[in-house]
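Next comes model-v5.json, with JSON, C-alpha atoms and all ligand atoms.
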```json
[["chain", "number", "residue", "atom", "x", "y", "z"],
["D", 1, "MET", "CA", -14.72, -17.43, 7.81],
["D", 2, "LYS", "CA", -11.35, -19.21, 7.95],
["D", 3, "ILE", "CA", -8.41, -17.43, 6.35],
["D", 4, "THR", "CA", -4.88, -18.31, 5.29],
["D", 5, "LEU", "CA", -2.56, -15.34, 5.08],
["D", 6, "ILE", "CA", 0.28, -15.66, 2.61],
["D", 7, "GLY", "CA", 2.85, -12.98, 3.41],
["D", 8, "ALA", "CA", 3.80, -11.55, 6.79],
["D", 9, "GLY", "CA", 5.30, -8.29, 5.60],
["D", 10, "ASN", "CA", 3.91, -4.79, 6.17],
["D", 11, "VAL", "CA", 0.43, -5.56, 4.83],
["D", 12, "GLY", "CA", 0.20, -9.13, 6.11],
["D", 13, "TYR", "CA", 1.18, -7.95, 9.57],
["D", 14, "HIS", "CA", -1.41, -5.15, 9.86],
["D", 15, "LEU", "CA", -4.19, -6.96, 8.02],
["D", 16, "GLY", "CA", -3.65, -10.12, 10.04],
["D", 17, "LYS", "CA", -3.78, -8.25, 13.34],
["D", 18, "ARG", "CA", -6.89, -6.31, 12.35],
["D", 19, "LEU", "CA", -8.77, -9.39, 11.13],
["D", 20, "PHE", "CA", -7.82, -11.28, 14.28],
["D", 21, "LYS", "CA", -8.99, -8.37, 16.44],
["D", 22, "LYS", "CA", -12.35, -8.55, 14.68],
["D", 23, "GLY", "CA", -12.72, -12.22, 15.54],
["D", 24, "ILE", "CA", -11.63, -13.77, 12.24],
["D", 25, "ASN", "CA", -9.93, -17.13, 12.39],
["D", 26, "ILE", "CA", -6.60, -16.89, 10.63],
["D", 27, "ARG", "CA", -5.47, -20.49, 10.51],
["D", 28, "GLN", "CA", -2.07, -20.28, 8.85],
["D", 29, "VAL", "CA", 0.45, -17.54, 8.16],
["D", 30, "TYR", "CA", 3.05, -18.11, 5.46],
["D", 31, "SER", "CA", 6.28, -16.20, 5.06],
["D", 32, "ARG", "CA", 9.44, -17.33, 3.27],
["D", 33, "GLN", "CA", 11.40, -16.89, 6.47],
["D", 34, "LEU", "CA", 9.86, -18.86, 9.31],
["D", 35, "ILE", "CA", 10.86, -16.22, 11.85],
["D", 36, "ASN", "CA", 8.65, -13.65, 10.07],
["D", 37, "ALA", "CA", 5.70, -16.05, 9.94],
["D", 38, "GLN", "CA", 6.22, -16.90, 13.63],
["D", 39, "PHE", "CA", 6.37, -13.25, 14.67],
["D", 40, "LEU", "CA", 2.90, -12.55, 13.25],
["D", 41, "ALA", "CA", 1.38, -15.97, 13.92],
["D", 42, "ARG", "CA", 2.13, -15.63, 17.64],
["D", 43, "LYS", "CA", 0.09, -12.42, 17.77],
["D", 44, "ILE", "CA", -2.93, -13.81, 15.93],
["D", 45, "LYS", "CA", -3.00, -17.40, 17.18],
["D", 46, "ALA", "CA", -2.23, -18.86, 13.76],
["D", 47, "VAL", "CA", 0.10, -21.63, 12.66],
["D", 48, "PRO", "CA", 3.29, -20.28, 11.10],
["D", 49, "VAL", "CA", 4.56, -21.95, 7.92],
["D", 50, "SER", "CA", 7.48, -21.22, 5.62],
["D", 51, "LYS", "CA", 7.02, -23.95, 3.04],
["D", 52, "PHE", "CA", 4.35, -23.86, 0.36],
["D", 53, "SER", "CA", 3.78, -27.58, 0.86],
["D", 54, "ALA", "CA", 2.62, -26.83, 4.42],
["D", 55, "ILE", "CA", -0.22, -24.57, 3.27],
["D", 56, "ASP", "CA", -3.39, -26.63, 3.50],
["D", 57, "SER", "CA", -6.70, -26.26, 1.69],
["D", 58, "LYS", "CA", -8.91, -26.03, 4.80],
["D", 59, "SER", "CA", -9.48, -22.26, 4.67],
["D", 60, "ASP", "CA", -12.28, -20.41, 2.88],
["D", 61, "LEU", "CA", -10.17, -17.47, 1.79],
["D", 62, "TYR", "CA", -6.48, -17.16, 0.84],
["D", 63, "ILE", "CA", -5.00, -13.68, 1.01],
["D", 64, "ILE", "CA", -1.78, -13.27, -0.94],
["D", 65, "ALA", "CA", 0.16, -10.32, 0.49],
["D", 66, "VAL", "CA", 3.61, -10.86, -1.00],
["D", 67, "LYS", "CA", 5.61, -8.47, -3.16],
["D", 68, "ASP", "CA", 3.96, -7.76, -6.52],
["D", 69, "ASP", "CA", 6.53, -9.66, -8.57],
["D", 70, "ALA", "CA", 6.01, -12.83, -6.53],
["D", 71, "ILE", "CA", 2.18, -12.94, -6.64],
["D", 72, "GLU", "CA", 1.97, -15.03, -9.79],
["D", 73, "THR", "CA", 4.60, -17.52, -8.65],
["D", 74, "VAL", "CA", 2.77, -17.95, -5.35],
["D", 75, "ALA", "CA", -0.59, -18.34, -7.14],
["D", 76, "LYS", "CA", 0.84, -20.92, -9.50],
["D", 77, "VAL", "CA", 2.32, -23.06, -6.72],
["D", 78, "LEU", "CA", -0.81, -22.71, -4.60],
["D", 79, "SER", "CA", -3.11, -23.74, -7.45],
["D", 80, "ARG", "CA", -1.35, -27.10, -7.63],
["D", 81, "HIS", "CA", -2.48, -27.94, -4.08],
["D", 82, "LYS", "CA", -5.32, -30.40, -3.87],
["D", 83, "GLY", "CA", -8.74, -28.80, -3.34],
["D", 84, "MET", "CA", -7.50, -25.28, -4.05],
["D", 85, "LYS", "CA", -9.00, -24.62, -7.48],
["D", 86, "ARG", "CA", -12.40, -23.60, -6.13],
["D", 87, "LYS", "CA", -11.22, -21.58, -3.14],
["D", 88, "LEU", "CA", -11.48, -17.80, -3.06],
["D", 89, "ILE", "CA", -8.00, -16.35, -3.62],
["D", 90, "VAL", "CA", -7.23, -12.65, -3.44],
["D", 91, "HIS", "CA", -4.17, -10.46, -3.55],
["D", 92, "THR", "CA", -3.61, -7.11, -1.84],
["D", 93, "SER", "CA", -1.72, -5.25, -4.54],
["D", 94, "GLY", "CA", -2.68, -1.85, -5.91],
["D", 95, "ALA", "CA", -0.76, -2.36, -9.11],
["D", 96, "ALA", "CA", -1.04, -6.04, -10.06],
["D", 97, "SER", "CA", -3.98, -7.15, -12.19],
["D", 98, "SER", "CA", -6.45, -9.75, -10.96],
["D", 99, "GLU", "CA", -5.81, -11.56, -14.27],
["D", 100, "ILE", "CA", -2.67, -13.10, -12.79],
["D", 101, "LEU", "CA", -4.98, -15.03, -10.45],
["D", 102, "ALA", "CA", -7.52, -15.79, -13.20],
["D", 103, "LYS", "CA", -4.93, -18.02, -14.86],
["D", 104, "TYR", "CA", -4.94, -20.38, -11.89],
["D", 105, "PHE", "CA", -8.22, -20.05, -9.98],
["D", 106, "LEU", "CA", -11.95, -20.00, -10.69],
["D", 107, "ASN", "CA", -12.81, -17.70, -7.77],
["D", 108, "PHE", "CA", -10.43, -14.85, -7.35],
["D", 109, "GLY", "CA", -10.40, -11.23, -6.36],
["D", 110, "ILE", "CA", -8.68, -8.24, -4.89],
["D", 111, "PHE", "CA", -8.57, -6.99, -1.32],
["D", 112, "TYR", "CA", -6.49, -3.83, -1.57],
["D", 113, "PRO", "CA", -6.19, -1.61, 1.51],
["D", 114, "LEU", "CA", -5.39, 1.84, 0.17],
["D", 115, "GLN", "CA", -2.88, 2.98, 2.75],
["D", 116, "SER", "CA", 0.87, 3.05, 3.33],
["D", 117, "PHE", "CA", 1.79, 0.31, 5.81],
["D", 118, "SER", "CA", 4.97, -0.14, 7.80],
["D", 119, "LYS", "CA", 5.27, -2.86, 10.43],
["D", 120, "THR", "CA", 6.86, -0.46, 12.88],
["D", 121, "ARG", "CA", 3.97, 2.00, 12.73],
["D", 122, "LYS", "CA", 0.59, 1.60, 14.40],
["D", 123, "ILE", "CA", -2.29, 2.21, 12.05],
["D", 124, "ARG", "CA", -5.95, 3.15, 12.46],
["D", 125, "PHE", "CA", -7.71, 0.68, 10.21],
["D", 126, "SER", "CA", -11.27, 1.97, 10.47],
["D", 127, "ASN", "CA", -10.81, 4.75, 7.93],
["D", 128, "ILE", "CA", -8.63, 2.89, 5.44],
["D", 129, "PRO", "CA", -10.47, 2.40, 2.13],
["D", 130, "ILE", "CA", -10.60, -1.27, 1.22],
["D", 131, "CYS", "CA", -10.85, -1.69, -2.56],
["D", 132, "VAL", "CA", -12.49, -4.98, -3.44],
["D", 133, "HIS", "CA", -13.09, -6.79, -6.70],
["D", 134, "ALA", "CA", -14.05, -10.39, -7.43],
["D", 135, "SER", "CA", -14.61, -12.71, -10.34],
["D", 136, "HIS", "CA", -18.07, -13.73, -9.04],
["D", 137, "SER", "CA", -20.84, -11.99, -7.08],
["D", 138, "LYS", "CA", -20.63, -14.53, -4.25],
["D", 139, "GLY", "CA", -16.95, -13.78, -3.79],
["D", 140, "LEU", "CA", -17.57, -10.06, -3.98],
["D", 141, "LYS", "CA", -20.17, -10.30, -1.23],
["D", 142, "LYS", "CA", -17.69, -12.17, 1.00],
["D", 143, "LEU", "CA", -14.99, -9.58, 0.39],
["D", 144, "ASN", "CA", -17.41, -6.73, 1.01],
["D", 145, "ASN", "CA", -18.47, -8.29, 4.30],
["D", 146, "LEU", "CA", -14.86, -8.82, 5.34],
["D", 147, "GLY", "CA", -13.95, -5.28, 4.35],
["D", 148, "ASN", "CA", -16.88, -3.84, 6.29],
["D", 149, "LEU", "CA", -15.78, -5.77, 9.34],
["D", 150, "ILE", "CA", -12.41, -4.02, 9.46],
["D", 151, "SER", "CA", -13.12, -0.64, 7.89],
["D", 152, "ASN", "CA", -15.87, 1.95, 7.44],
["D", 153, "ARG", "CA", -15.01, 2.40, 3.81],
["D", 154, "VAL", "CA", -15.25, -0.44, 1.31],
["D", 155, "ALA", "CA", -15.38, 0.29, -2.42],
["D", 156, "THR", "CA", -15.87, -2.00, -5.38],
["D", 157, "ILE", "CA", -13.08, -1.02, -7.74],
["D", 158, "ASN", "CA", -12.21, -2.83, -10.98],
["D", 159, "ASP", "CA", -8.67, -3.57, -12.22],
["D", 160, "LYS", "CA", -8.48, -0.51, -14.46],
["D", 161, "GLU", "CA", -9.70, 1.87, -11.75],
["D", 162, "ARG", "CA", -7.36, 0.33, -9.16],
["D", 163, "ALA", "CA", -4.36, 0.73, -11.45],
["D", 164, "ILE", "CA", -5.21, 4.42, -11.89],
["D", 165, "LEU", "CA", -5.75, 4.89, -8.15],
["D", 166, "HIS", "CA", -2.36, 3.31, -7.55],
["D", 167, "VAL", "CA", -0.60, 5.81, -9.83],
["D", 168, "ALA", "CA", -2.32, 8.65, -7.93],
["D", 169, "ALA", "CA", -1.39, 6.98, -4.62],
["D", 170, "VAL", "CA", 2.29, 6.81, -5.62],
["D", 171, "ILE", "CA", 2.21, 10.52, -6.48],
["D", 172, "VAL", "CA", 0.48, 11.70, -3.29],
["D", 173, "ASN", "CA", 2.29, 9.39, -0.90],
["D", 174, "ASN", "CA", 5.60, 8.10, -2.24],
["D", 175, "PHE", "CA", 6.57, 11.28, -4.05],
["D", 176, "THR", "CA", 5.63, 13.70, -1.25],
["D", 177, "ASN", "CA", 7.47, 11.50, 1.23],
["D", 178, "HIS", "CA", 10.54, 11.61, -1.00],
["D", 179, "LEU", "CA", 10.27, 15.41, -1.10],
["D", 180, "PHE", "CA", 10.21, 15.44, 2.71],
["D", 181, "HIS", "CA", 13.43, 13.44, 2.57],
["D", 182, "LEU", "CA", 15.04, 15.97, 0.23],
["D", 183, "GLY", "CA", 13.99, 18.80, 2.55],
["D", 184, "GLN", "CA", 15.51, 16.92, 5.45],
["D", 185, "HIS", "CA", 18.72, 16.32, 3.52],
["D", 186, "ILE", "CA", 19.08, 20.05, 2.85],
["D", 187, "THR", "CA", 18.41, 21.07, 6.47],
["D", 188, "ASN", "CA", 20.76, 18.37, 7.78],
["D", 189, "GLU", "CA", 23.53, 19.42, 5.42],
["D", 190, "GLU", "CA", 23.12, 23.03, 6.59],
["D", 191, "GLN", "CA", 22.92, 22.11, 10.30],
["D", 192, "LEU", "CA", 19.35, 23.38, 10.56],
["D", 193, "GLU", "CA", 16.54, 21.60, 12.40],
["D", 194, "PHE", "CA", 14.20, 19.64, 10.11],
["D", 195, "ASP", "CA", 11.69, 19.77, 12.98],
["D", 196, "LEU", "CA", 11.15, 23.47, 12.21],
["D", 197, "LEU", "CA", 9.42, 22.34, 8.99],
["D", 198, "LYS", "CA", 7.11, 19.79, 10.60],
["D", 199, "PRO", "CA", 4.20, 22.12, 11.46],
["D", 200, "LEU", "CA", 4.27, 23.22, 7.81],
["D", 201, "ILE", "CA", 4.14, 19.63, 6.61],
["D", 202, "GLU", "CA", 1.26, 18.91, 8.99],
["D", 203, "GLU", "CA", -0.71, 21.95, 7.85],
["D", 204, "THR", "CA", -0.19, 21.05, 4.17],
["D", 205, "VAL", "CA", -1.92, 17.74, 4.75],
["D", 206, "LEU", "CA", -4.60, 19.02, 7.12],
["D", 207, "LYS", "CA", -5.69, 21.75, 4.72],
["D", 208, "ILE", "CA", -6.62, 19.36, 1.94],
["D", 209, "ALA", "CA", -9.06, 17.52, 4.20],
["D", 210, "LYS", "CA", -11.35, 20.49, 3.58],
["D", 211, "TYR", "CA", -10.13, 22.31, 0.48],
["D", 212, "SER", "CA", -8.85, 21.32, -2.95],
["D", 213, "PRO", "CA", -5.05, 21.03, -3.26],
["D", 214, "LEU", "CA", -5.16, 23.36, -6.27],
["D", 215, "GLU", "CA", -6.91, 26.02, -4.22],
["D", 216, "MET", "CA", -4.47, 25.60, -1.32],
["D", 217, "GLN", "CA", -1.32, 26.00, -3.42],
["D", 218, "THR", "CA", 0.96, 28.77, -2.18],
["D", 219, "GLY", "CA", 4.61, 29.65, -2.79],
["D", 220, "PRO", "CA", 6.79, 31.39, -5.37],
["D", 221, "ALA", "CA", 5.66, 29.20, -8.29],
["D", 222, "ARG", "CA", 2.00, 29.90, -7.53],
["D", 223, "ARG", "CA", 2.67, 33.66, -7.26],
["D", 224, "ASN", "CA", 5.05, 33.67, -10.22],
["D", 225, "ASP", "CA", 7.72, 35.30, -8.03],
["D", 226, "GLU", "CA", 10.47, 34.92, -10.62],
["D", 227, "LYS", "CA", 13.19, 36.59, -8.54],
["D", 228, "THR", "CA", 12.63, 34.19, -5.65],
["D", 229, "ILE", "CA", 12.57, 31.20, -8.00],
["D", 230, "LYS", "CA", 15.91, 32.30, -9.53],
["D", 231, "LYS", "CA", 17.35, 32.78, -6.03],
["D", 232, "HIS", "CA", 16.29, 29.27, -5.03],
["D", 233, "LEU", "CA", 17.75, 27.76, -8.19],
["D", 234, "LYS", "CA", 21.03, 29.62, -7.54],
["D", 235, "TYR", "CA", 21.14, 28.23, -4.00],
["D", 236, "LEU", "CA", 20.38, 24.74, -5.30],
["D", 237, "LYS", "CA", 23.66, 24.73, -7.24],
["D", 238, "LYS", "CA", 24.88, 23.24, -3.98],
["D", 239, "PHE", "CA", 22.44, 20.36, -4.58],
["D", 240, "PRO", "CA", 22.54, 20.04, -8.38],
["D", 241, "LYS", "CA", 20.39, 16.90, -8.38],
["D", 242, "TYR", "CA", 17.51, 18.84, -6.82],
["D", 243, "GLN", "CA", 17.71, 21.76, -9.25],
["D", 244, "HIS", "CA", 16.04, 19.80, -12.03],
["D", 245, "LEU", "CA", 13.26, 18.62, -9.74],
["D", 246, "TYR", "CA", 12.70, 22.17, -8.46],
["D", 247, "THR", "CA", 12.40, 23.44, -12.05],
["D", 248, "LEU", "CA", 10.05, 20.61, -13.05],
["D", 249, "LEU", "CA", 7.72, 21.10, -10.07],
["D", 250, "THR", "CA", 7.76, 24.88, -10.44],
["D", 251, "LYS", "CA", 6.67, 24.51, -14.06],
["D", 252, "SER", "CA", 4.02, 21.96, -13.10],
["D", 253, "ILE", "CA", 2.54, 24.34, -10.50],
["D", 254, "GLN", "CA", 2.61, 27.26, -12.94],
["D", 255, "ASP", "CA", 0.96, 25.16, -15.68],
["D", 256, "ALA", "CA", -1.77, 24.00, -13.29],
["D", 257, "HIS", "CA", -2.65, 27.60, -12.45],
["D", 258, "ARG", "CA", -2.53, 28.80, -16.02],
["D", 259, "ARG", "CA", -5.37, 26.49, -17.09],
["M", 1, "LIG", "N1", 3.23, -1.63, 2.12],
["M", 1, "LIG", "C1", 2.20, -0.95, 1.69],
["M", 1, "LIG", "O1", 2.07, 0.22, 2.06],
["M", 1, "LIG", "C2", 1.15, -1.58, 0.80],
["M", 1, "LIG", "C3", -0.13, -0.99, 0.77],
["M", 1, "LIG", "C4", -1.15, -1.61, 0.03],
["M", 1, "LIG", "C5", -0.86, -2.77, -0.70],
["M", 1, "LIG", "N2", 0.41, -3.30, -0.69],
["M", 1, "LIG", "C6", 0.64, -4.55, -1.44],
["M", 1, "LIG", "O2", 0.66, -5.65, -0.52],
["M", 1, "LIG", "C7", 1.61, -6.64, -0.97],
["M", 1, "LIG", "C8", 2.64, -6.87, 0.11],
["M", 1, "LIG", "O3", 3.34, -5.67, 0.35],
["M", 1, "LIG", "P1", 4.20, -5.47, 1.68],
["M", 1, "LIG", "O4", 4.55, -4.02, 1.76],
["M", 1, "LIG", "O5", 3.53, -6.14, 2.81],
["M", 1, "LIG", "O6", 5.52, -6.29, 1.30],
["M", 1, "LIG", "P2", 6.72, -6.71, 2.27],
["M", 1, "LIG", "O7", 6.63, -5.99, 3.55],
["M", 1, "LIG", "O8", 7.96, -6.60, 1.45],
["M", 1, "LIG", "O9", 6.41, -8.25, 2.56],
["M", 1, "LIG", "C9", 6.45, -9.14, 1.52],
["M", 1, "LIG", "C10", 6.09, -10.54, 1.96],
["M", 1, "LIG", "O10", 6.26, -11.35, 0.80],
["M", 1, "LIG", "C11", 7.19, -12.40, 1.05],
["M", 1, "LIG", "N3", 7.94, -12.58, -0.20],
["M", 1, "LIG", "C12", 8.79, -11.73, -0.79],
["M", 1, "LIG", "N4", 9.25, -12.25, -1.92],
["M", 1, "LIG", "C13", 8.67, -13.47, -2.05],
["M", 1, "LIG", "C14", 8.77, -14.51, -3.00],
["M", 1, "LIG", "N5", 9.56, -14.41, -4.07],
["M", 1, "LIG", "N6", 8.02, -15.63, -2.81],
["M", 1, "LIG", "C15", 7.22, -15.75, -1.72],
["M", 1, "LIG", "N7", 7.10, -14.80, -0.78],
["M", 1, "LIG", "C16", 7.82, -13.68, -0.95],
["M", 1, "LIG", "C17", 8.03, -11.92, 2.22],
["M", 1, "LIG", "O11", 8.56, -13.00, 2.92],
["M", 1, "LIG", "P3", 9.87, -12.87, 3.87],
["M", 1, "LIG", "O12", 9.82, -11.50, 4.48],
["M", 1, "LIG", "O13", 9.73, -13.96, 4.88],
["M", 1, "LIG", "O14", 11.03, -13.02, 2.94],
["M", 1, "LIG", "C18", 6.98, -11.15, 3.02],
["M", 1, "LIG", "O15", 6.21, -12.04, 3.79],
["M", 1, "LIG", "C19", 2.19, -6.11, -2.29],
["M", 1, "LIG", "O16", 1.44, -6.65, -3.34],
["M", 1, "LIG", "C20", 1.96, -4.61, -2.20],
["M", 1, "LIG", "O17", 1.84, -4.01, -3.47],
["M", 1, "LIG", "C21", 1.42, -2.73, 0.06]]
```
Represent the structure of the file as structure tokens.
Ligand SMILES: NC(=O)c1ccc[n+]([C@@H]2O[C@H](COP(=O)([O-])OP(=O)(O)OC[C@H]3O[C@@H](n4cnc5c(N)ncnc54)[C@H](OP(=O)(O)O)[C@@H]3O)[C@@H](O)[C@H]2O)c1
Amino acid sequence: MKITLIGAGNVGYHLGKRLFKKGINIRQVYSRQLINAQFLARKIKAVPVSKFSAIDSKSDLYIIAVKDDAIETVAKVLSRHKGMKRKLIVHTSGAASSEILAKYFLNFGIFYPLQSFSKTRKIRFSNIPICVHASHSKGLKKLNNLGNLISNRVATINDKERAILHVAAVIVNNFTNHLFHLGQHITNEEQLEFDLLKPLIEETVLKIAKYSPLEMQTGPARRNDEKTIKKHLKYLKKFPKYQHLYTLLTKSIQDAHRR
């Protein structure tokens, strides 16, 4: 299978490298800034391009891995290229609907790797769930095969399910990561080592590999230790912005255990 990768950001970078490693021919890599396309293209023996007009129609599959808000613009421009209408076009977004591709292509789909990607961080691809969806069974088969080549976990997930999964993904990943940041801010401000909290963070994540998060909940909110909660809120007067969040999450934990 010959692939054109549109986007050389966090996802484009990791996906491109993984596909290349598995023997897939990635012919062209597009990024708005040529330097970004070149950086990835060099690693995966592809041709870097930074102009839409340079994207040709010789590939079998076009993977759009640009920011959500730009997917439709990219699809629209791409659809005007000769010979592109019947190609299989997918995007990698958790949140964007496949309908934005339906407007411009006959064969379209989704190839959404459910993981948090950063260019600077190495990633083990084999256990990343790849959520696939396609407008036609032939396309779905191709995406399933491609997914199975790079991961042990491929799931057929429709638009509605993917949108829900993405909300849950934002909560478990983006929100917890933000909470780590707040914890770090507090320790930094108080000249304490954030590293002292790292084994706790690790254990929090490791525990849920085996047990339900509800079951594993500990802490003052879970125990209804009102005195401790009041003490924490008093301390947080130093960080008034975090007081509200502390109260909200405490209530959320208490509600979950009242059910
Ligand atoms: N990062 C994740 O953890 C993750 C996980 C799963 C799915 N996704 C999805 O994958 C897609 C890409 O995410 P990402 O994190 O890889 O994004 P990213 O790192 O910000 O990279 C975005 C890419 O899109 C290009 N781009 C940005 N605006 C554009 C525009 N207006 N027109 C054309 N190209 C444009 C950028 O080009 P230049 O850099 O050259 O300007 C870059 O190549 C998104 O749909 C996202 O929802 C992300």
Name the residues, by chain letter and number, that sit within 6 Å of ligand LIG 1 (chain M) using all atoms listed in the file, and give them as a list in words.
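Using all atoms listed in the file, I find these residues within 6 Å of ligand LIG 1 (chain M): Gly7, Ala8, Gly9, Asn10, Val11, Gly12, Ser31, Arg32, Gln33, Asn36, Ala65, Val66, Lys67, Asp68, Ala70, Thr92, Ser93, Gly94, Tyr112, Pro113, Leu114, Gln115, Ser116 and Phe117 of chain D.
Between CA of Leu149 (chain D) and CA of Ala134 (chain D) there is a distance of 17.5 Å.
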Spatial neighbours of Ala96 (chain D), 12 Å, all atoms listed in the file, chain gap at least 5 places, as a list of chain:residue names
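Here the answer would be D:Ile64, D:Ala65, D:Val66, D:Lys67, D:Asp68, D:Asp69, D:Ala70, D:Ile71, D:Glu72, D:Val90, D:His91, D:Leu101, D:Gly109, D:Ile110, D:Phe111, D:Tyr112, D:Asn158, D:Asp159, D:Lys160, D:Glu161, D:Arg162, D:Ala163, D:Ile164, D:His166, D:Val167.
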Within 12 Å of Phe180 (chain D), counting only C-alpha atoms, which residues show up once you throw out same-chain ones fewer than 3 positions away? Write them as a ChimeraX atom specification, please.
/D:173-177,183-187,194-195,197-198,200-202,204
Generate the output file for the selected residues, C-alpha atoms, as a PDB file, in the coordinates of the input.
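Resulting contents of again.pdb:
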```pdb
ATOM      1  CA  ASN D 173       2.290   9.390  -0.900  1.00  0.00           C
ATOM      2  CA  ASN D 174       5.600   8.100  -2.240  1.00  0.00           C
ATOM      3  CA  PHE D 175       6.570  11.280  -4.050  1.00  0.00           C
ATOM      4  CA  THR D 176       5.630  13.700  -1.250  1.00  0.00           C
ATOM      5  CA  ASN D 177       7.470  11.500   1.230  1.00  0.00           C
ATOM      6  CA  GLY D 183      13.990  18.800   2.550  1.00  0.00           C
ATOM      7  CA  GLN D 184      15.510  16.920   5.450  1.00  0.00           C
ATOM      8  CA  HIS D 185      18.720  16.320   3.520  1.00  0.00           C
ATOM      9  CA  ILE D 186      19.080  20.050   2.850  1.00  0.00           C
ATOM     10  CA  THR D 187      18.410  21.070   6.470  1.00  0.00           C
ATOM     11  CA  PHE D 194      14.200  19.640  10.110  1.00  0.00           C
ATOM     12  CA  ASP D 195      11.690  19.770  12.980  1.00  0.00           C
ATOM     13  CA  LEU D 197       9.420  22.340   8.990  1.00  0.00           C
ATOM     14  CA  LYS D 198       7.110  19.790  10.600  1.00  0.00           C
ATOM     15  CA  LEU D 200       4.270  23.220   7.810  1.00  0.00           C
ATOM     16  CA  ILE D 201       4.140  19.630   6.610  1.00  0.00           C
ATOM     17  CA  GLU D 202       1.260  18.910   8.990  1.00  0.00           C
ATOM     18  CA  THR D 204      -0.190  21.050   4.170  1.00  0.00           C
TER      19      THR D 204
END
```
Measuring between all atoms listed in the file, which one of D:Leu15, D:Val172, D:Leu106, D:Leu192 shows the shortest distance to Arg124 (chain D)?
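The closest residue to Arg124 (chain D) is D:Leu15.
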Contact residues around Thr247 (chain D) with all atoms listed in the file at 10 Å, ignoring same-chain residues under 6 positions, as a VMD selection string:
chain D and resid 221 229 to 230 232 to 233
Please determine, counting only C-alpha atoms, which residue among D:Lys231, D:Val49, D:Ile55, D:Lys103 has the shortest atom-to-atom distance to Ile35 (chain D).
D:Val49
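Minimum atom-to-atom distance to Tyr246 (chain D), evaluated using all atoms listed in the file, belongs to D:Leu182 out of D:Pro48, D:Glu215, D:Leu182, D:Arg223.
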For Ser252 (chain D), the nearest of the candidates D:Arg222, D:Phe125, D:Leu236, D:Glu193, counting all atoms listed in the file
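Once distances to Ser252 (chain D) are computed over all atoms listed in the file, the minimum belongs to D:Arg222.
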How far is it from CA of Lys238 (chain D) to CA of Val170 (chain D), in Å with one decimal?
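Taking CA of Lys238 (chain D) and CA of Val170 (chain D), their separation equals 28.0 Å.
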Atom-to-atom span, CA of Ser53 (chain D) and CA of Tyr30 (chain D), Å
10.6 Å
Using all atoms listed in the file: which of D:Ala37, D:Leu249, D:Ile128, D:Ala209 has the shortest distance to Lys51 (chain D):
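Closest to Lys51 (chain D), using all atoms listed in the file: D:Ala37.
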Please determine, counting only C-alpha atoms, which residue among D:Met216, D:Leu245, D:Ile171, D:Leu61 has the shortest atom-to-atom distance to Lys2 (chain D).
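When distances to Lys2 (chain D) are compared using only C-alpha atoms, the smallest one comes from D:Leu61.
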For the point (-13.6, 0.5, 2.9) in file coordinates, what residues are within 9 Å, counting all atoms listed in the file? Give the answer as a ChimeraX atom specification?
/D:113-114,126-132,144,147-148,150-156
